[in-house]
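Next comes start-v7.cif, with mmCIF, C-alpha atoms.
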data_input
#
loop_
_atom_site.group_PDB
_atom_site.id
_atom_site.type_symbol
_atom_site.label_atom_id
_atom_site.label_comp_id
_atom_site.auth_asym_id
_atom_site.auth_seq_id
_atom_site.Cartn_x
_atom_site.Cartn_y
_atom_site.Cartn_z
ATOM 1 C CA MET S 1 -18.545 96.315 -18.149
ATOM 2 C CA SER S 2 -15.986 93.745 -17.206
ATOM 3 C CA SER S 3 -16.347 89.996 -17.640
ATOM 4 C CA PHE S 4 -14.618 86.827 -16.537
ATOM 5 C CA ALA S 5 -12.883 86.667 -19.909
ATOM 6 C CA ASN S 6 -11.553 90.231 -19.601
ATOM 7 C CA VAL S 7 -10.290 89.633 -16.074
ATOM 8 C CA ARG S 8 -8.645 86.364 -17.090
ATOM 9 C CA ALA S 9 -7.130 87.910 -20.221
ATOM 10 C CA TYR S 10 -5.652 90.768 -18.186
ATOM 11 C CA ILE S 11 -4.147 88.528 -15.488
ATOM 12 C CA GLU S 12 -2.893 85.833 -17.861
ATOM 13 C CA SER S 13 -1.211 88.332 -20.205
ATOM 14 C CA ARG S 14 0.521 90.003 -17.237
ATOM 15 C CA VAL S 15 1.653 86.613 -15.881
ATOM 16 C CA ALA S 16 2.948 85.493 -19.290
ATOM 17 C CA ALA S 17 4.897 88.749 -19.631
ATOM 18 C CA GLY S 18 6.202 88.446 -16.062
ATOM 19 C CA PHE S 19 8.099 85.219 -16.765
ATOM 20 C CA PRO S 20 10.155 85.850 -19.927
ATOM 21 C CA GLY S 21 11.673 82.655 -21.330
ATOM 22 C CA ILE S 22 9.655 80.406 -18.999
ATOM 23 C CA THR S 23 6.621 78.408 -20.155
ATOM 24 C CA VAL S 24 3.430 79.394 -18.336
ATOM 25 C CA VAL S 25 0.598 76.851 -18.213
ATOM 26 C CA PHE S 26 -2.895 78.275 -17.799
ATOM 27 C CA ASP S 27 -6.237 76.726 -16.802
ATOM 28 C CA ASN S 28 -7.676 74.254 -19.293
ATOM 29 C CA THR S 29 -4.678 74.254 -21.636
ATOM 30 C CA LEU S 30 -1.957 71.597 -21.445
ATOM 31 C CA GLU S 31 -2.733 68.271 -19.767
ATOM 32 C CA THR S 32 0.867 67.118 -19.724
ATOM 33 C CA PRO S 33 3.208 69.620 -18.063
ATOM 34 C CA PRO S 34 6.107 70.996 -20.181
ATOM 35 C CA PRO S 35 9.755 70.413 -19.232
ATOM 36 C CA VAL S 36 10.952 72.392 -16.202
ATOM 37 C CA PRO S 37 11.216 75.254 -15.484
ATOM 38 C CA TYR S 38 7.595 76.214 -15.878
ATOM 39 C CA VAL S 39 4.827 78.055 -14.037
ATOM 40 C CA ILE S 40 1.206 76.996 -13.520
ATOM 41 C CA CYS S 41 -1.212 79.925 -13.261
ATOM 42 C CA LEU S 42 -4.626 79.123 -11.754
ATOM 43 C CA ILE S 43 -7.474 81.619 -11.498
ATOM 44 C CA SER S 44 -10.709 80.771 -9.708
ATOM 45 C CA TYR S 45 -13.717 82.440 -8.144
ATOM 46 C CA PRO S 46 -14.575 80.694 -4.854
ATOM 47 C CA SER S 47 -16.899 83.479 -3.693
ATOM 48 C CA THR S 48 -17.730 85.649 -6.643
ATOM 49 C CA THR S 49 -19.829 88.506 -5.407
ATOM 50 C CA GLU S 50 -19.544 90.935 -2.550
ATOM 51 C CA PRO S 51 -22.630 92.115 -0.643
ATOM 52 C CA VAL S 52 -22.009 95.836 -0.199
ATOM 53 C CA LEU S 53 -25.317 97.250 0.997
ATOM 54 C CA CYS S 54 -27.651 94.537 2.164
ATOM 55 C CA PRO S 55 -26.296 91.455 3.937
ATOM 56 C CA ASN S 56 -28.967 89.247 2.382
ATOM 57 C CA GLU S 57 -28.479 90.211 -1.265
ATOM 58 C CA SER S 58 -25.658 89.974 -3.758
ATOM 59 C CA MET S 59 -25.166 93.639 -4.547
ATOM 60 C CA VAL S 60 -22.498 93.069 -7.129
ATOM 61 C CA GLU S 61 -19.823 95.720 -7.053
ATOM 62 C CA SER S 62 -16.659 93.737 -7.507
ATOM 63 C CA LEU S 63 -15.621 90.209 -8.400
ATOM 64 C CA ARG S 64 -13.623 88.279 -5.861
ATOM 65 C CA GLY S 65 -11.159 85.714 -7.096
ATOM 66 C CA ASN S 66 -8.133 83.646 -6.202
ATOM 67 C CA LEU S 67 -4.816 83.662 -8.073
ATOM 68 C CA GLN S 68 -2.261 80.888 -7.562
ATOM 69 C CA LEU S 69 1.161 80.704 -9.213
ATOM 70 C CA SER S 70 3.167 77.485 -8.803
ATOM 71 C CA CYS S 71 6.769 77.669 -10.073
ATOM 72 C CA TYR S 72 8.494 74.386 -10.961
ATOM 73 C CA ALA S 73 12.224 73.653 -11.333
ATOM 74 C CA ASP S 74 14.542 70.633 -11.276
ATOM 75 C CA ARG S 75 14.791 68.796 -7.992
ATOM 76 C CA GLY S 76 18.135 68.733 -6.184
ATOM 77 C CA GLN S 77 19.554 71.762 -8.001
ATOM 78 C CA GLY S 78 19.299 74.234 -5.137
ATOM 79 C CA MET S 79 16.756 76.918 -4.362
ATOM 80 C CA LYS S 80 18.052 79.659 -6.711
ATOM 81 C CA PRO S 81 15.701 79.036 -9.677
ATOM 82 C CA LEU S 82 12.717 78.524 -7.359
ATOM 83 C CA GLU S 83 13.385 81.648 -5.349
ATOM 84 C CA GLU S 84 14.017 83.734 -8.435
ATOM 85 C CA MET S 85 10.694 82.650 -9.944
ATOM 86 C CA GLY S 86 9.014 83.166 -6.544
ATOM 87 C CA ALA S 87 10.331 86.731 -6.404
ATOM 88 C CA GLN S 88 9.113 87.357 -9.971
ATOM 89 C CA ALA S 89 5.678 86.015 -9.024
ATOM 90 C CA MET S 90 5.520 88.175 -5.907
ATOM 91 C CA THR S 91 6.542 91.312 -7.835
ATOM 92 C CA LEU S 92 3.932 90.513 -10.463
ATOM 93 C CA MET S 93 1.156 90.124 -7.875
ATOM 94 C CA ASN S 94 2.204 93.358 -6.140
ATOM 95 C CA ASN S 95 2.146 95.295 -9.421
ATOM 96 C CA LEU S 96 -1.012 93.798 -10.900
ATOM 97 C CA TYR S 97 -3.138 96.888 -10.303
ATOM 98 C CA ASP S 98 -3.313 99.273 -13.246
ATOM 99 C CA TRP S 99 -5.688 102.206 -12.800
ATOM 100 C CA THR S 100 -5.865 102.764 -16.561
ATOM 101 C CA ASN S 101 -7.237 99.272 -17.211
ATOM 102 C CA PRO S 102 -11.024 98.848 -16.852
ATOM 103 C CA VAL S 103 -10.840 95.521 -14.996
ATOM 104 C CA GLN S 104 -8.933 97.135 -12.067
ATOM 105 C CA VAL S 105 -7.512 93.890 -10.683
ATOM 106 C CA ARG S 106 -6.136 94.385 -7.162
ATOM 107 C CA CYS S 107 -4.343 91.639 -5.249
ATOM 108 C CA GLY S 108 -4.679 91.130 -1.507
ATOM 109 C CA GLN S 109 -2.273 89.571 0.954
ATOM 110 C CA ILE S 110 0.181 87.184 -0.704
ATOM 111 C CA SER S 111 0.659 83.719 0.841
ATOM 112 C CA GLY S 112 4.028 82.154 0.126
ATOM 113 C CA PRO S 113 6.331 81.489 -1.590
ATOM 114 C CA THR S 114 5.852 78.081 0.057
ATOM 115 C CA PRO S 115 8.433 75.495 -1.070
ATOM 116 C CA VAL S 116 7.378 71.872 -1.642
ATOM 117 C CA LEU S 117 10.502 69.722 -1.630
ATOM 118 C CA ALA S 118 9.343 66.421 -0.080
ATOM 119 C CA GLY S 119 8.105 63.388 -2.009
ATOM 120 C CA THR S 120 9.445 61.350 -4.896
ATOM 121 C CA GLU S 121 8.595 63.657 -7.813
ATOM 122 C CA PRO S 122 11.504 64.696 -10.089
ATOM 123 C CA TYR S 123 10.682 68.378 -9.617
ATOM 124 C CA ALA S 124 10.529 70.906 -6.781
ATOM 125 C CA LEU S 125 8.218 73.898 -6.604
ATOM 126 C CA VAL S 126 7.218 77.032 -4.766
ATOM 127 C CA THR S 127 3.600 78.158 -4.605
ATOM 128 C CA LEU S 128 2.274 81.675 -4.081
ATOM 129 C CA SER S 129 -1.340 82.714 -3.918
ATOM 130 C CA CYS S 130 -3.448 85.755 -3.185
ATOM 131 C CA PRO S 131 -7.083 86.788 -3.257
ATOM 132 C CA PHE S 132 -7.933 89.524 -5.755
ATOM 133 C CA THR S 133 -10.800 91.813 -6.604
ATOM 134 C CA ALA S 134 -11.744 93.002 -10.061
ATOM 135 C CA ARG S 135 -14.176 95.666 -11.170
ATOM 136 C CA VAL S 136 -17.532 94.659 -12.613
ATOM 137 C CA MET H 137 -43.075 107.586 20.721
ATOM 138 C CA ALA H 138 -39.665 106.286 21.641
ATOM 139 C CA LYS H 139 -39.504 102.688 22.761
ATOM 140 C CA ALA H 140 -38.108 102.128 26.231
ATOM 141 C CA PHE H 141 -34.722 100.482 26.145
ATOM 142 C CA LYS H 142 -33.269 98.785 29.148
ATOM 143 C CA PHE H 143 -29.601 97.943 28.995
ATOM 144 C CA VAL H 144 -28.480 95.093 31.210
ATOM 145 C CA GLY H 145 -24.681 94.918 31.148
ATOM 146 C CA ALA H 146 -24.309 91.391 32.458
ATOM 147 C CA ASP H 147 -26.802 90.031 29.933
ATOM 148 C CA PHE H 148 -25.092 91.906 27.089
ATOM 149 C CA VAL H 149 -21.674 90.502 28.024
ATOM 150 C CA LYS H 150 -23.188 87.019 28.192
ATOM 151 C CA GLN H 151 -24.649 87.392 24.686
ATOM 152 C CA VAL H 152 -21.354 88.721 23.284
ATOM 153 C CA LYS H 153 -19.479 85.779 24.781
ATOM 154 C CA LYS H 154 -21.997 83.359 23.265
ATOM 155 C CA ALA H 155 -21.638 85.060 19.859
ATOM 156 C CA LEU H 156 -17.851 84.757 20.042
ATOM 157 C CA ASP H 157 -18.003 81.094 21.087
ATOM 158 C CA ASP H 158 -20.579 80.169 18.433
ATOM 159 C CA GLY H 159 -18.706 82.112 15.744
ATOM 160 C CA THR H 160 -15.425 80.372 16.559
ATOM 161 C CA ALA H 161 -17.117 76.961 16.498
ATOM 162 C CA GLN H 162 -18.760 77.693 13.141
ATOM 163 C CA LEU H 163 -15.562 79.044 11.586
ATOM 164 C CA LEU H 164 -13.517 76.011 12.652
ATOM 165 C CA THR H 165 -16.153 73.469 11.637
ATOM 166 C CA ASN H 166 -16.762 75.252 8.352
ATOM 167 C CA THR H 167 -13.035 75.373 7.521
ATOM 168 C CA GLN H 168 -12.464 71.737 8.473
ATOM 169 C CA SER H 169 -15.446 70.671 6.348
ATOM 170 C CA LYS H 170 -14.335 72.714 3.331
ATOM 171 C CA LEU H 171 -10.787 71.347 3.501
ATOM 172 C CA SER H 172 -12.086 67.787 3.777
ATOM 173 C CA ALA H 173 -14.608 68.222 0.974
ATOM 174 C CA SER H 174 -12.030 69.797 -1.368
ATOM 175 C CA SER H 175 -9.098 67.440 -0.723
ATOM 176 C CA PRO H 176 -8.075 65.199 -3.623
ATOM 177 C CA VAL H 177 -9.502 61.735 -2.964
ATOM 178 C CA ASP H 178 -8.214 58.258 -3.642
ATOM 179 C CA THR H 179 -8.832 56.248 -0.469
ATOM 180 C CA GLY H 180 -10.158 59.246 1.487
ATOM 181 C CA ARG H 181 -7.348 59.198 4.052
ATOM 182 C CA LEU H 182 -6.210 62.768 3.274
ATOM 183 C CA ALA H 183 -9.776 64.094 3.384
ATOM 184 C CA SER H 184 -10.380 62.300 6.713
ATOM 185 C CA SER H 185 -7.196 63.606 8.359
ATOM 186 C CA TRP H 186 -8.096 67.279 8.804
ATOM 187 C CA MET H 187 -8.187 67.758 12.598
ATOM 188 C CA VAL H 188 -9.147 70.603 14.905
ATOM 189 C CA GLY H 189 -6.771 71.210 17.824
ATOM 190 C CA HIS H 190 -6.883 73.577 20.802
ATOM 191 C CA ASN H 191 -3.650 75.448 21.721
ATOM 192 C CA SER H 192 -1.614 72.944 19.662
ATOM 193 C CA PRO H 193 -2.249 71.087 16.406
ATOM 194 C CA ASP H 194 -3.916 67.661 16.664
ATOM 195 C CA LEU H 195 -1.290 65.445 15.034
ATOM 196 C CA SER H 196 -3.446 62.332 14.704
ATOM 197 C CA VAL H 197 -4.324 61.029 11.210
ATOM 198 C CA ALA H 198 -6.955 58.698 9.785
ATOM 199 C CA SER H 199 -6.174 54.975 9.657
ATOM 200 C CA GLU H 200 -3.979 53.698 6.823
ATOM 201 C CA ASN H 201 -6.459 50.932 6.086
ATOM 202 C CA ILE H 202 -9.467 52.973 4.990
ATOM 203 C CA GLY H 203 -10.766 52.790 1.420
ATOM 204 C CA ILE H 204 -9.309 51.004 -1.610
ATOM 205 C CA PRO H 205 -6.699 52.827 -3.749
ATOM 206 C CA ALA H 206 -7.328 53.255 -7.485
ATOM 207 C CA GLU H 207 -5.608 51.182 -10.131
ATOM 208 C CA ARG H 208 -3.109 53.310 -12.041
ATOM 209 C CA GLU H 209 -1.865 53.641 -15.628
ATOM 210 C CA VAL H 210 1.432 55.154 -16.755
ATOM 211 C CA ILE H 211 1.308 57.639 -19.648
ATOM 212 C CA GLY H 212 4.479 59.421 -20.733
ATOM 213 C CA GLY H 213 6.303 58.329 -17.602
ATOM 214 C CA LYS H 214 3.664 59.803 -15.309
ATOM 215 C CA SER H 215 1.243 57.716 -13.274
ATOM 216 C CA TYR H 216 -2.471 58.506 -13.481
ATOM 217 C CA LYS H 217 -5.226 56.863 -11.470
ATOM 218 C CA ILE H 218 -8.008 55.150 -13.401
ATOM 219 C CA GLU H 219 -11.164 56.903 -12.265
ATOM 220 C CA GLY H 220 -13.800 54.707 -10.704
ATOM 221 C CA THR H 221 -11.481 51.908 -9.603
ATOM 222 C CA ASN H 222 -10.988 53.334 -6.119
ATOM 223 C CA LYS H 223 -13.280 53.173 -3.102
ATOM 224 C CA ALA H 224 -13.098 56.202 -0.849
ATOM 225 C CA ASP H 225 -14.113 56.143 2.788
ATOM 226 C CA ILE H 226 -14.272 59.676 4.196
ATOM 227 C CA SER H 227 -15.223 60.573 7.734
ATOM 228 C CA VAL H 228 -14.522 63.952 9.328
ATOM 229 C CA LYS H 229 -13.536 63.707 12.988
ATOM 230 C CA GLU H 230 -15.399 66.307 15.007
ATOM 231 C CA TYR H 231 -13.618 68.118 17.835
ATOM 232 C CA SER H 232 -14.654 66.247 20.978
ATOM 233 C CA GLY H 233 -14.757 69.161 23.452
ATOM 234 C CA LYS H 234 -16.624 72.456 23.484
ATOM 235 C CA ILE H 235 -15.208 75.078 21.127
ATOM 236 C CA THR H 236 -14.898 78.493 22.756
ATOM 237 C CA PHE H 237 -13.304 81.803 21.775
ATOM 238 C CA ASP H 238 -10.459 81.339 24.289
ATOM 239 C CA GLY H 239 -6.992 80.146 23.290
ATOM 240 C CA ASP H 240 -5.462 79.339 19.898
ATOM 241 C CA TRP H 241 -7.154 76.982 17.455
ATOM 242 C CA TYR H 242 -5.585 74.923 14.689
ATOM 243 C CA VAL H 243 -6.990 73.071 11.697
ATOM 244 C CA SER H 244 -4.182 70.790 10.527
ATOM 245 C CA ASN H 245 -3.336 67.682 8.539
ATOM 246 C CA ASN H 246 -0.311 65.649 9.626
ATOM 247 C CA LEU H 247 -0.033 63.240 6.673
ATOM 248 C CA PRO H 248 3.441 63.434 5.066
ATOM 249 C CA TYR H 249 1.988 64.168 1.628
ATOM 250 C CA ALA H 250 -0.528 66.784 2.825
ATOM 251 C CA SER H 251 1.651 69.801 1.980
ATOM 252 C CA ARG H 252 2.319 68.524 -1.562
ATOM 253 C CA ALA H 253 -1.370 67.776 -2.099
ATOM 254 C CA ALA H 254 -2.175 71.312 -0.921
ATOM 255 C CA MET H 255 0.520 73.258 -2.781
ATOM 256 C CA ASP H 256 1.281 71.233 -5.939
ATOM 257 C CA PRO H 257 -1.358 71.490 -8.706
ATOM 258 C CA GLY H 258 0.456 68.637 -10.484
ATOM 259 C CA TYR H 259 -0.320 66.328 -7.560
ATOM 260 C CA VAL H 260 -4.032 66.740 -8.086
ATOM 261 C CA GLY H 261 -3.519 66.089 -11.778
ATOM 262 C CA ARG H 262 -4.739 68.057 -14.732
ATOM 263 C CA ARG H 263 -6.883 65.244 -16.161
ATOM 264 C CA GLY H 264 -10.184 65.715 -14.361
ATOM 265 C CA GLY H 265 -8.520 65.445 -10.969
ATOM 266 C CA GLY H 266 -10.199 68.521 -9.562
ATOM 267 C CA SER H 267 -9.026 72.026 -8.873
ATOM 268 C CA GLY H 268 -5.283 72.488 -8.395
ATOM 269 C CA ASP H 269 -5.780 75.540 -6.185
ATOM 270 C CA TRP H 270 -8.324 74.029 -3.787
ATOM 271 C CA TYR H 271 -6.208 74.775 -0.712
ATOM 272 C CA SER H 272 -5.301 78.391 -1.528
ATOM 273 C CA GLN H 273 -8.943 79.089 -2.424
ATOM 274 C CA ILE H 274 -10.004 78.109 1.101
ATOM 275 C CA VAL H 275 -7.115 79.818 2.903
ATOM 276 C CA ASN H 276 -7.455 83.089 0.996
ATOM 277 C CA GLN H 277 -11.207 83.061 1.625
ATOM 278 C CA LEU H 278 -10.782 82.746 5.422
ATOM 279 C CA PRO H 279 -10.850 86.501 6.223
ATOM 280 C CA ASN H 280 -14.178 86.825 4.345
ATOM 281 C CA ASP H 281 -15.570 83.719 6.060
ATOM 282 C CA THR H 282 -14.565 85.127 9.446
ATOM 283 C CA VAL H 283 -16.312 88.462 8.840
ATOM 284 C CA ARG H 284 -19.439 86.767 7.455
ATOM 285 C CA ILE H 285 -19.784 84.249 10.312
ATOM 286 C CA PHE H 286 -19.061 86.645 13.180
ATOM 287 C CA ALA H 287 -21.271 89.380 11.683
ATOM 288 C CA ARG H 288 -24.148 86.884 11.548
ATOM 289 C CA GLU H 289 -23.604 85.879 15.189
ATOM 290 C CA PHE H 290 -23.334 89.476 16.432
ATOM 291 C CA ARG H 291 -26.560 90.419 14.650
ATOM 292 C CA LYS H 292 -28.360 87.966 16.979
ATOM 293 C CA ILE H 293 -27.522 90.099 20.032
ATOM 294 C CA LYS H 294 -30.642 91.855 21.297
#
Take the structure in this file and express it as structure tokens.
Amino acid sequence: MSSFANVRAYIESRVAAGFPGITVVFDNTLETPPPVPYVICLISYPSTTEPVLCPNESMVESLRGNLQLSCYADRGQGMKPLEEMGAQAMTLMNNLYDWTNPVQVRCGQISGPTPVLAGTEPYALVTLSCPFTARV
Amino acid sequence: MAKAFKFVGADFVKQVKKALDDGTAQLLTNTQSKLSASSPVDTGRLASSWMVGHNSPDLSVASENIGIPAEREVIGGKSYKIEGTNKADISVKEYSGKITFDGDWYVSNNLPYASRAAMDPGYVGRRGGGSGDWYSQIVNQLPNDTVRIFAREFRKIK
């Protein structure tokens, strides 16, 4: 039996390992962001259950969630660090499925990397996100 | 004993067209409402500027003079709003015409800071400012919303 904690532990450990040498900030951890470069990993469950048999009941078969990775780097230093982190994030999302792991996290279509370069903030970022399913 | 079934093609096509029109209207209204309800709020201008457009995005935005912005404090060089000192005024502008299945539909926000508010979790703030992935949650949920809404409408066809 899987749980939210198992799913989160699996995804967060894979994300932390996917960005060697870069600080990864997870949900409900640091309030003040670390120095750039860093990655913010957000996991949420906007529509948790999937009705598989009866349209009026929550026949729970798999969890549905949302994974967002936002990669931050210095502003005005070119796109190289942002695009490198974006590519790492995309590879990580693509390879998240592991059939030997009981949580069986599978990512759907990836949105991004979307760059955010406007504004007055001293940093620039790219954001990627995808829906995922996990086994209950 | 089998029940007699009379198929009337014209009536069936009419019902399918109604299901498509109603489904499109629900999907657009639902998405606009969710985006407005989830937007980070200070004065409410961002939340009020999600517009529905037909065949091209509606580039209008809510007035600059709505609501009262929050007082802010600076901690560690970063500015945080003091909760409760703002007054938000949010109103969602409904699409004025009839929404049908025909053509391309857009739900857009033309404020200059809309893309940062949508894509930057740091913009929302990590001190009780709400969910940093509010936008991607809604966008990535759209295929499921579409299936759910249109399936419900098509089940009404007799």
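Selected on chain S by distance to chain H: S:Glu31, S:Leu42, S:Pro46, S:Asn66, S:Gln68, S:Val116, S:Thr127, S:Ser129, S:Cys130, S:Pro131 (within 7 Å, counting all atoms listed in the file).
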For the file shown, report as a JSON list (two decimals) with C-alpha atoms, in the frame of the given file the outcome of the PyMOL selection byres ((chain H and resi 222) around 10) at residue level.
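Everything below was put into out24.json:
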[["chain", "number", "residue", "atom", "x", "y", "z"],
["H", 177, "VAL", "CA", -9.50, 61.74, -2.96],
["H", 178, "ASP", "CA", -8.21, 58.26, -3.64],
["H", 179, "THR", "CA", -8.83, 56.25, -0.47],
["H", 180, "GLY", "CA", -10.16, 59.25, 1.49],
["H", 203, "GLY", "CA", -10.77, 52.79, 1.42],
["H", 204, "ILE", "CA", -9.31, 51.00, -1.61],
["H", 205, "PRO", "CA", -6.70, 52.83, -3.75],
["H", 206, "ALA", "CA", -7.33, 53.26, -7.48],
["H", 207, "GLU", "CA", -5.61, 51.18, -10.13],
["H", 208, "ARG", "CA", -3.11, 53.31, -12.04],
["H", 217, "LYS", "CA", -5.23, 56.86, -11.47],
["H", 218, "ILE", "CA", -8.01, 55.15, -13.40],
["H", 219, "GLU", "CA", -11.16, 56.90, -12.26],
["H", 220, "GLY", "CA", -13.80, 54.71, -10.70],
["H", 221, "THR", "CA", -11.48, 51.91, -9.60],
["H", 223, "LYS", "CA", -13.28, 53.17, -3.10],
["H", 224, "ALA", "CA", -13.10, 56.20, -0.85],
["H", 225, "ASP", "CA", -14.11, 56.14, 2.79]]
Output of the PyMOL selection byres ((chain S and resi 4-15) around 12), listed as a PyMOL selection string | chain S and resi 1-3+16-20+22-27+38-45+48+62-71+85+88-98+101-107+132-136
Output check: residues returned by the PyMOL selection byres ((chain H and resi 155) around 12), as a VMD selection string | chain H and resid 148 to 154 156 to 163 235 to 237 285 to 294
Go ahead and write the residues just picked, C-alpha atoms, as an mmCIF file, keeping the file's coordinate frame.
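Done, and the output landed in selection_0.cif:
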data_model
loop_
_atom_site.group_PDB
_atom_site.id
_atom_site.type_symbol
_atom_site.label_atom_id
_atom_site.label_comp_id
_atom_site.auth_asym_id
_atom_site.auth_seq_id
_atom_site.Cartn_x
_atom_site.Cartn_y
_atom_site.Cartn_z
ATOM 1 C CA PHE H 148 -25.092 91.906 27.089
ATOM 2 C CA VAL H 149 -21.674 90.502 28.024
ATOM 3 C CA LYS H 150 -23.188 87.019 28.192
ATOM 4 C CA GLN H 151 -24.649 87.392 24.686
ATOM 5 C CA VAL H 152 -21.354 88.721 23.284
ATOM 6 C CA LYS H 153 -19.479 85.779 24.781
ATOM 7 C CA LYS H 154 -21.997 83.359 23.265
ATOM 8 C CA LEU H 156 -17.851 84.757 20.042
ATOM 9 C CA ASP H 157 -18.003 81.094 21.087
ATOM 10 C CA ASP H 158 -20.579 80.169 18.433
ATOM 11 C CA GLY H 159 -18.706 82.112 15.744
ATOM 12 C CA THR H 160 -15.425 80.372 16.559
ATOM 13 C CA ALA H 161 -17.117 76.961 16.498
ATOM 14 C CA GLN H 162 -18.760 77.693 13.141
ATOM 15 C CA LEU H 163 -15.562 79.044 11.586
ATOM 16 C CA ILE H 235 -15.208 75.078 21.127
ATOM 17 C CA THR H 236 -14.898 78.493 22.756
ATOM 18 C CA PHE H 237 -13.304 81.803 21.775
ATOM 19 C CA ILE H 285 -19.784 84.249 10.312
ATOM 20 C CA PHE H 286 -19.061 86.645 13.180
ATOM 21 C CA ALA H 287 -21.271 89.380 11.683
ATOM 22 C CA ARG H 288 -24.148 86.884 11.548
ATOM 23 C CA GLU H 289 -23.604 85.879 15.189
ATOM 24 C CA PHE H 290 -23.334 89.476 16.432
ATOM 25 C CA ARG H 291 -26.560 90.419 14.650
ATOM 26 C CA LYS H 292 -28.360 87.966 16.979
ATOM 27 C CA ILE H 293 -27.522 90.099 20.032
ATOM 28 C CA LYS H 294 -30.642 91.855 21.297
#
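As for atom CA of H:Asn246 and atom CA of H:Ser185, they are spaced 7.3 Å apart.
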Figure out the distance between atom CA of S:Ser47 and atom CA of H:Val188, please, to one decimal in Å.
->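 Going from atom CA of H:Val188 over to atom CA of S:Ser47 covers 23.9 Å.
When atom CA of S:Leu82 is paired with atom CA of S:Thr120, their separation reads 17.7 Å.
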I want to know what sits within 10 Å of S:Gln77, based on all atoms listed in the file, with residues of the same chain fewer than 4 positions away left out; could you give that as a short mmCIF file (atom, residue, chain, number, x, y, z; two decimals) with C-alpha atoms, in the frame of the given file?
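Saved to out_1.cif:
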data_model
loop_
_atom_site.label_atom_id
_atom_site.label_comp_id
_atom_site.auth_asym_id
_atom_site.auth_seq_id
_atom_site.Cartn_x
_atom_site.Cartn_y
_atom_site.Cartn_z
CA ALA S 73 12.22 73.65 -11.33
CA PRO S 81 15.70 79.04 -9.68
CA LEU S 82 12.72 78.52 -7.36
CA TYR S 123 10.68 68.38 -9.62
CA ALA S 124 10.53 70.91 -6.78
#
Assuming 8 Å of padding per side, give the centre and edge lengths of the axis-aligned box around every listed atom of stretch 78-89 of chain S, in Å to one decimal and as lines of an AutoDock Vina configuration file.
center_x = 12.5
center_y = 80.8
center_z = -7.2
size_x = 29.6
size_y = 29.1
size_z = 21.6
Return the single residue from S:Lys80, S:Thr29, S:Tyr72, S:Trp99 that is closest to S:Leu128, with distances computed using all atoms listed in the file.
-> S:Tyr72
With the input short on atoms, add N, CA and C atoms back to stretch 147-159 of chain H and write it as a CSV table (one decimal), in the frame of the given file.
chain,number,residue,atom,x,y,z
H,147,ASP,N,-26.1,90.8,31.0
H,147,ASP,CA,-26.8,90.0,29.9
H,147,ASP,C,-26.1,90.3,28.6
H,148,PHE,N,-25.8,91.5,28.3
H,148,PHE,CA,-25.1,91.9,27.1
H,148,PHE,C,-23.7,91.2,27.0
H,149,VAL,N,-23.0,91.2,28.0
H,149,VAL,CA,-21.7,90.5,28.0
H,149,VAL,C,-21.9,89.0,27.8
H,150,LYS,N,-22.9,88.4,28.4
H,150,LYS,CA,-23.2,87.0,28.2
H,150,LYS,C,-23.5,86.7,26.7
H,151,GLN,N,-24.3,87.6,26.1
H,151,GLN,CA,-24.6,87.4,24.7
H,151,GLN,C,-23.4,87.6,23.8
H,152,VAL,N,-22.6,88.5,24.1
H,152,VAL,CA,-21.4,88.7,23.3
H,152,VAL,C,-20.5,87.5,23.4
H,153,LYS,N,-20.3,87.0,24.6
H,153,LYS,CA,-19.5,85.8,24.8
H,153,LYS,C,-20.0,84.6,24.0
H,154,LYS,N,-21.4,84.5,24.0
H,154,LYS,CA,-22.0,83.4,23.3
H,154,LYS,C,-21.8,83.5,21.8
H,155,ALA,N,-21.9,84.8,21.3
H,155,ALA,CA,-21.6,85.1,19.9
H,155,ALA,C,-20.2,84.7,19.5
H,156,LEU,N,-19.3,85.1,20.3
H,156,LEU,CA,-17.9,84.8,20.0
H,156,LEU,C,-17.6,83.2,20.0
H,157,ASP,N,-18.2,82.6,21.0
H,157,ASP,CA,-18.0,81.1,21.1
H,157,ASP,C,-18.6,80.4,19.9
H,158,ASP,N,-19.9,80.8,19.6
H,158,ASP,CA,-20.6,80.2,18.4
H,158,ASP,C,-19.9,80.5,17.1
H,159,GLY,N,-19.4,81.7,17.0
H,159,GLY,CA,-18.7,82.1,15.7
H,159,GLY,C,-17.4,81.3,15.6
